[in-house]
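Worksheet: the structure to be examined is printed underneath.
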Amino acid sequence: MSFPIRPLAVAFCALAFPAAALACPSYETPGAALSYTAESAHVPQAIPVIAGGTTDLATCPETQGAGYVIDQPDFTMAYDALDLGRALEIRVRAGCDAVLLVNASNGQWLFNDDANGTDPGLRIENAPSGRYDIWVGTYGMENCEAELQIETF
């Protein structure tokens with residue numbers, strides 16, 4: 001025997017038992033503005049930041065990695081490659097186990113946890129010009145003082 005589904009009952013169930021929302025980092029709201037060229041970043045650039053957040057990357061299917069970041073990027077970087085073909089290196093030095101998440105100019109998500117001990121780093125060969133959204137997070141739920149480093153090679 002089947003029972004008809006009533007619209008009011010469906011609405012009640014949707015309100016009482018909402019689908020589990022997956023919290024993912026979003027680049028809709030930009031982070032603090034950075035602007036570098038392949039030439040200006042040939043001299044290492046260092047920017048202080050507090051690493052960490054409450055958005056769990058493990059629950060977000062778009063990003064491949066584990067750690068905690070804030071919802072919006074810590075930094076939004078405009079990068080001009082100047083057609084020099086240089087590699088762009090984005091690194092973090094932190095007082096805790098940090099992670100690095102980048103949404104590159106081509107829309108690809110990049111993640112690193114421990115490139116140098118517990119400090120993360122990414123190297124993008126022949127990095128194209130464009131917008132790079134950067135999150136500096138932590139592997140655990142702690143926050144700590146950190147430094148974002150940008151350099152070209």
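Naming works like this for the structure tokens: A, B, ... for the chains as they're shown, residue 1 at the start of each chain, ligands 1 onward in shown order.
For Asp133 (chain A), the non-local neighbours within 9 Å, defined as residues at least 2 positions apart in the same chain or in other chains and counting only C-alpha atoms, are Tyr27, Pro30, Gly31, Gln72, Pro73, Asp74, Phe75, Thr76, Met77, Ala78, Leu101, Val102, Asn103, Ala104, Ser105, Arg131 and Trp135 of chain A.
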Selection file, N, CA and C atoms, as an mmCIF file, in the first residue's frame:
```
data_model
loop_
_atom_site.group_PDB
_atom_site.id
_atom_site.type_symbol
_atom_site.label_atom_id
_atom_site.label_comp_id
_atom_site.auth_asym_id
_atom_site.auth_seq_id
_atom_site.Cartn_x
_atom_site.Cartn_y
_atom_site.Cartn_z
ATOM 1 N N TYR A 27 36.154 31.856 -3.937
ATOM 2 C CA TYR A 27 36.917 33.011 -4.386
ATOM 3 C C TYR A 27 36.012 34.123 -4.899
ATOM 4 N N PRO A 30 37.092 38.475 -3.017
ATOM 5 C CA PRO A 30 38.557 38.420 -3.067
ATOM 6 C C PRO A 30 39.191 38.654 -1.707
ATOM 7 N N GLY A 31 40.422 38.188 -1.583
ATOM 8 C CA GLY A 31 41.205 38.412 -0.374
ATOM 9 C C GLY A 31 41.975 39.717 -0.489
ATOM 10 N N GLN A 72 36.931 32.730 2.470
ATOM 11 C CA GLN A 72 37.424 33.496 1.328
ATOM 12 C C GLN A 72 38.946 33.451 1.322
ATOM 13 N N PRO A 73 39.577 33.779 0.191
ATOM 14 C CA PRO A 73 41.044 33.717 0.151
ATOM 15 C C PRO A 73 41.674 34.705 1.126
ATOM 16 N N ASP A 74 42.822 34.339 1.652
ATOM 17 C CA ASP A 74 43.606 35.289 2.433
ATOM 18 C C ASP A 74 44.110 36.395 1.509
ATOM 19 N N PHE A 75 44.506 36.006 0.288
ATOM 20 C CA PHE A 75 45.064 36.946 -0.678
ATOM 21 C C PHE A 75 44.522 36.648 -2.065
ATOM 22 N N THR A 76 44.342 37.698 -2.851
ATOM 23 C CA THR A 76 44.043 37.577 -4.270
ATOM 24 C C THR A 76 45.156 38.324 -4.997
ATOM 25 N N MET A 77 45.941 37.564 -5.751
ATOM 26 C CA MET A 77 47.124 38.115 -6.394
ATOM 27 C C MET A 77 46.905 38.280 -7.892
ATOM 28 N N ALA A 78 47.162 39.485 -8.374
ATOM 29 C CA ALA A 78 47.221 39.732 -9.813
ATOM 30 C C ALA A 78 48.675 39.505 -10.216
ATOM 31 N N LEU A 101 46.576 26.430 -0.157
ATOM 32 C CA LEU A 101 45.581 26.159 -1.191
ATOM 33 C C LEU A 101 45.574 27.335 -2.152
ATOM 34 N N VAL A 102 45.639 27.049 -3.452
ATOM 35 C CA VAL A 102 45.660 28.107 -4.462
ATOM 36 C C VAL A 102 44.664 27.748 -5.557
ATOM 37 N N ASN A 103 43.854 28.732 -5.942
ATOM 38 C CA ASN A 103 43.055 28.606 -7.151
ATOM 39 C C ASN A 103 43.813 29.411 -8.198
ATOM 40 N N ALA A 104 44.439 28.686 -9.134
ATOM 41 C CA ALA A 104 45.341 29.302 -10.107
ATOM 42 C C ALA A 104 44.563 30.066 -11.175
ATOM 43 N N SER A 105 45.297 30.822 -11.987
ATOM 44 C CA SER A 105 44.681 31.662 -13.012
ATOM 45 C C SER A 105 43.883 30.860 -14.037
ATOM 46 N N ARG A 131 44.791 35.888 -12.282
ATOM 47 C CA ARG A 131 44.416 35.987 -10.870
ATOM 48 C C ARG A 131 44.719 34.672 -10.155
ATOM 49 N N TRP A 135 44.965 30.681 -0.131
ATOM 50 C CA TRP A 135 44.550 30.427 1.244
ATOM 51 C C TRP A 135 45.745 29.859 1.999
#
```
Would you pick out the contacts of Thr55 (chain A) at 12 Å or less, using only C-alpha atoms, so that residues sharing its chain but fewer than 4 positions from it are not included, and give the list as a PDB file with N, CA and C atoms, in the first residue's frame?
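Saved file part.pdb follows:
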```
ATOM      1  N   ALA A  21      25.234  20.453   4.007  1.00  0.00           N
ATOM      2  CA  ALA A  21      25.907  21.385   3.111  1.00  0.00           C
ATOM      3  C   ALA A  21      27.416  21.185   3.233  1.00  0.00           C
ATOM      4  N   LEU A  22      28.065  21.141   2.084  1.00  0.00           N
ATOM      5  CA  LEU A  22      29.514  21.016   2.078  1.00  0.00           C
ATOM      6  C   LEU A  22      30.102  22.417   2.022  1.00  0.00           C
ATOM      7  N   ALA A  23      30.865  22.768   3.008  1.00  0.00           N
ATOM      8  CA  ALA A  23      31.504  24.081   3.036  1.00  0.00           C
ATOM      9  C   ALA A  23      32.814  24.003   2.266  1.00  0.00           C
ATOM     10  N   CYS A  24      32.917  24.802   1.235  1.00  0.00           N
ATOM     11  CA  CYS A  24      34.134  24.842   0.437  1.00  0.00           C
ATOM     12  C   CYS A  24      34.637  26.276   0.393  1.00  0.00           C
ATOM     13  N   PRO A  25      35.935  26.460   0.238  1.00  0.00           N
ATOM     14  CA  PRO A  25      36.446  27.810   0.076  1.00  0.00           C
ATOM     15  C   PRO A  25      35.872  28.437  -1.194  1.00  0.00           C
ATOM     16  N   SER A  26      35.648  29.720  -1.164  1.00  0.00           N
ATOM     17  CA  SER A  26      35.083  30.424  -2.310  1.00  0.00           C
ATOM     18  C   SER A  26      35.938  31.633  -2.650  1.00  0.00           C
ATOM     19  N   THR A  59      36.111  18.008   3.543  1.00  0.00           N
ATOM     20  CA  THR A  59      34.691  17.857   3.200  1.00  0.00           C
ATOM     21  C   THR A  59      34.351  18.498   1.865  1.00  0.00           C
ATOM     22  N   CYS A  60      35.320  19.091   1.211  1.00  0.00           N
ATOM     23  CA  CYS A  60      35.082  19.785  -0.048  1.00  0.00           C
ATOM     24  C   CYS A  60      35.621  18.957  -1.218  1.00  0.00           C
ATOM     25  N   THR A  63      38.515  20.525  -3.761  1.00  0.00           N
ATOM     26  CA  THR A  63      39.924  20.670  -3.386  1.00  0.00           C
ATOM     27  C   THR A  63      40.459  19.321  -2.921  1.00  0.00           C
ATOM     28  N   ALA A  66      43.779  18.079   2.896  1.00  0.00           N
ATOM     29  CA  ALA A  66      43.227  18.098   4.246  1.00  0.00           C
ATOM     30  C   ALA A  66      43.812  19.277   4.999  1.00  0.00           C
ATOM     31  N   GLY A  67      42.959  19.968   5.716  1.00  0.00           N
ATOM     32  CA  GLY A  67      43.386  21.116   6.495  1.00  0.00           C
ATOM     33  C   GLY A  67      42.222  22.064   6.677  1.00  0.00           C
ATOM     34  N   TYR A  68      42.502  23.184   7.317  1.00  0.00           N
ATOM     35  CA  TYR A  68      41.466  24.163   7.637  1.00  0.00           C
ATOM     36  C   TYR A  68      41.882  25.540   7.143  1.00  0.00           C
ATOM     37  N   VAL A  69      40.981  26.188   6.422  1.00  0.00           N
ATOM     38  CA  VAL A  69      41.221  27.520   5.876  1.00  0.00           C
ATOM     39  C   VAL A  69      40.015  28.399   6.189  1.00  0.00           C
ATOM     40  N   ILE A  70      40.147  29.702   5.930  1.00  0.00           N
ATOM     41  CA  ILE A  70      38.981  30.576   6.025  1.00  0.00           C
ATOM     42  C   ILE A  70      38.179  30.442   4.737  1.00  0.00           C
ATOM     43  N   ASP A  71      36.937  30.923   4.745  1.00  0.00           N
ATOM     44  CA  ASP A  71      36.054  30.761   3.583  1.00  0.00           C
ATOM     45  C   ASP A  71      36.579  31.465   2.338  1.00  0.00           C
ATOM     46  N   GLN A  72      36.931  32.730   2.470  1.00  0.00           N
ATOM     47  CA  GLN A  72      37.424  33.496   1.328  1.00  0.00           C
ATOM     48  C   GLN A  72      38.946  33.451   1.322  1.00  0.00           C
ATOM     49  N   PRO A  73      39.577  33.779   0.191  1.00  0.00           N
ATOM     50  CA  PRO A  73      41.044  33.717   0.151  1.00  0.00           C
ATOM     51  C   PRO A  73      41.674  34.705   1.126  1.00  0.00           C
ATOM     52  N   TRP A 135      44.965  30.681  -0.131  1.00  0.00           N
ATOM     53  CA  TRP A 135      44.550  30.427   1.244  1.00  0.00           C
ATOM     54  C   TRP A 135      45.745  29.859   1.999  1.00  0.00           C
ATOM     55  N   VAL A 136      46.012  30.392   3.201  1.00  0.00           N
ATOM     56  CA  VAL A 136      47.050  29.865   4.082  1.00  0.00           C
ATOM     57  C   VAL A 136      46.317  29.267   5.273  1.00  0.00           C
ATOM     58  N   GLY A 137      46.318  27.947   5.346  1.00  0.00           N
ATOM     59  CA  GLY A 137      45.583  27.251   6.394  1.00  0.00           C
ATOM     60  C   GLY A 137      46.499  26.455   7.294  1.00  0.00           C
ATOM     61  N   THR A 138      45.886  25.616   8.093  1.00  0.00           N
ATOM     62  CA  THR A 138      46.627  24.741   8.998  1.00  0.00           C
ATOM     63  C   THR A 138      46.103  23.322   8.851  1.00  0.00           C
ATOM     64  N   TYR A 139      46.969  22.369   9.153  1.00  0.00           N
ATOM     65  CA  TYR A 139      46.556  20.969   9.075  1.00  0.00           C
ATOM     66  C   TYR A 139      45.540  20.637  10.166  1.00  0.00           C
ATOM     67  N   GLY A 140      45.761  21.139  11.361  1.00  0.00           N
ATOM     68  CA  GLY A 140      44.806  20.974  12.454  1.00  0.00           C
ATOM     69  C   GLY A 140      43.983  22.240  12.594  1.00  0.00           C
ATOM     70  N   MET A 141      43.183  22.310  13.630  1.00  0.00           N
ATOM     71  CA  MET A 141      42.296  23.463  13.780  1.00  0.00           C
ATOM     72  C   MET A 141      42.933  24.661  14.490  1.00  0.00           C
TER      73      MET A 141
END
```
**Study point:** Contacts of Pro48 (chain A) within 10 Å, only C-alpha atoms, excl. fewer than 3 positions in-chain, as a list in words
**Key:**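 The neighbour list is Ala51, Val92, Arg93, Ala94, Glu145, Ala146, Glu147, Leu148 and Gln149 of chain A.
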Practice item. Just list the residues in chain A DSSP gives helix (DSSP H, G or I) on the backbone, as a ChimeraX atom specification. Key: /A:7-16,40-42,57-59
Output the selection as a CSV table (one decimal), in the first residue's frame - all heavy atoms for each residue.
```
chain,number,residue,atom,x,y,z
A,7,PRO,N,2.5,17.9,-0.1
A,7,PRO,CA,3.5,19.0,-0.2
A,7,PRO,C,3.9,19.5,1.2
A,7,PRO,O,5.0,19.9,1.4
A,7,PRO,CB,2.8,20.0,-1.1
A,7,PRO,CG,1.7,19.3,-1.9
A,7,PRO,CD,1.3,18.1,-1.0
A,8,LEU,N,2.9,19.6,2.1
A,8,LEU,CA,3.3,20.2,3.4
A,8,LEU,C,4.2,19.2,4.1
A,8,LEU,O,5.2,19.7,4.8
A,8,LEU,CB,2.0,20.3,4.2
A,8,LEU,CG,2.2,21.0,5.6
A,8,LEU,CD1,2.8,22.4,5.4
A,8,LEU,CD2,0.8,21.2,6.3
A,9,ALA,N,4.1,17.9,4.0
A,9,ALA,CA,5.0,17.0,4.6
A,9,ALA,C,6.4,17.1,4.0
A,9,ALA,O,7.4,17.0,4.7
A,9,ALA,CB,4.4,15.6,4.5
A,10,VAL,N,6.5,17.2,2.7
A,10,VAL,CA,7.7,17.4,2.1
A,10,VAL,C,8.4,18.6,2.5
A,10,VAL,O,9.6,18.6,2.9
A,10,VAL,CB,7.6,17.4,0.5
A,10,VAL,CG1,8.9,17.7,-0.2
A,10,VAL,CG2,7.1,16.0,0.1
A,11,ALA,N,7.7,19.7,2.6
A,11,ALA,CA,8.3,21.0,3.1
A,11,ALA,C,8.8,20.8,4.5
A,11,ALA,O,9.8,21.3,4.9
A,11,ALA,CB,7.3,22.1,3.0
A,12,PHE,N,8.0,20.2,5.4
A,12,PHE,CA,8.4,20.0,6.8
A,12,PHE,C,9.7,19.2,6.8
A,12,PHE,O,10.6,19.5,7.5
A,12,PHE,CB,7.3,19.3,7.6
A,12,PHE,CG,7.8,18.9,8.9
A,12,PHE,CD1,7.9,19.8,9.9
A,12,PHE,CD2,8.2,17.6,9.2
A,12,PHE,CE1,8.4,19.5,11.2
A,12,PHE,CE2,8.6,17.2,10.5
A,12,PHE,CZ,8.7,18.2,11.5
A,13,CYS,N,9.8,18.1,6.1
A,13,CYS,CA,11.0,17.3,6.1
A,13,CYS,C,12.2,18.1,5.6
A,13,CYS,O,13.3,17.9,6.1
A,13,CYS,CB,10.8,16.0,5.2
A,13,CYS,SG,9.7,14.8,6.0
A,14,ALA,N,12.0,18.9,4.6
A,14,ALA,CA,13.1,19.7,4.0
A,14,ALA,C,13.6,20.7,5.1
A,14,ALA,O,14.8,21.0,5.2
A,14,ALA,CB,12.7,20.4,2.8
A,15,LEU,N,12.7,21.2,5.9
A,15,LEU,CA,13.1,22.2,6.9
A,15,LEU,C,13.7,21.5,8.1
A,15,LEU,O,14.7,22.0,8.7
A,15,LEU,CB,11.9,23.0,7.4
A,15,LEU,CG,11.4,24.1,6.3
A,15,LEU,CD1,10.1,24.7,6.8
A,15,LEU,CD2,12.5,25.1,6.1
A,16,ALA,N,13.1,20.4,8.5
A,16,ALA,CA,13.6,19.7,9.7
A,16,ALA,C,14.9,18.9,9.5
A,16,ALA,O,15.7,18.8,10.4
A,16,ALA,CB,12.5,18.7,10.2
A,40,SER,N,59.1,41.8,-10.6
A,40,SER,CA,59.1,42.2,-9.2
A,40,SER,C,59.2,41.1,-8.2
A,40,SER,O,59.7,41.3,-7.1
A,40,SER,CB,57.9,43.1,-9.0
A,40,SER,OG,56.7,42.4,-9.1
A,41,ALA,N,58.6,39.9,-8.6
A,41,ALA,CA,58.7,38.8,-7.7
A,41,ALA,C,60.0,38.0,-7.8
A,41,ALA,O,60.2,37.0,-7.2
A,41,ALA,CB,57.5,37.9,-7.9
A,42,HIS,N,60.9,38.5,-8.7
A,42,HIS,CA,62.2,37.8,-8.8
A,42,HIS,C,63.0,38.1,-7.6
A,42,HIS,O,63.9,37.3,-7.2
A,42,HIS,CB,62.9,38.3,-10.1
A,42,HIS,CG,64.0,37.4,-10.5
A,42,HIS,ND1,63.8,36.1,-10.9
A,42,HIS,CD2,65.3,37.6,-10.7
A,42,HIS,CE1,64.9,35.5,-11.2
A,42,HIS,NE2,65.9,36.5,-11.1
A,57,LEU,N,38.8,21.4,4.5
A,57,LEU,CA,39.0,21.0,3.1
A,57,LEU,C,38.7,19.6,2.8
A,57,LEU,O,38.3,19.2,1.7
A,57,LEU,CB,40.5,21.3,2.8
A,57,LEU,CG,40.9,22.7,2.8
A,57,LEU,CD1,42.4,22.8,2.5
A,57,LEU,CD2,40.1,23.5,1.8
A,58,ALA,N,38.8,18.7,3.8
A,58,ALA,CA,38.4,17.3,3.6
A,58,ALA,C,37.0,17.1,3.2
A,58,ALA,O,36.6,16.0,2.6
A,58,ALA,CB,38.8,16.5,4.9
A,59,THR,N,36.1,18.0,3.5
A,59,THR,CA,34.7,17.9,3.2
A,59,THR,C,34.4,18.5,1.9
A,59,THR,O,33.2,18.5,1.4
A,59,THR,CB,33.8,18.5,4.3
A,59,THR,OG1,34.0,19.9,4.3
A,59,THR,CG2,34.1,17.9,5.6
```
Check your understanding: Between CA of Gly53 (chain A) and CA of Ala33 (chain A), what is the distance, to one decimal in Å?
Key -> 19.2 Å
Review point. From the set A:Ile50, A:Cys144, A:Ala81, A:Ala32, which residue has the shortest atom-to-atom contact distance to Gly130 (chain A), counting only C-alpha atoms?
Key: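 For Gly130 (chain A), the nearest of the candidates is A:Ala81.
Residue nearest Ile90 (chain A), chosen from A:Glu28, A:Glu125, A:Glu151, A:Glu62 and counting only C-alpha atoms: A:Glu151.
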**Study point:** Filtered DSSP result for region 59-150 of chain A, state strand (DSSP E), as a ChimeraX atom specification
**Key:** /A:68-69,75-80,88-94,98-103,109-112,121-124,130-138,144-150
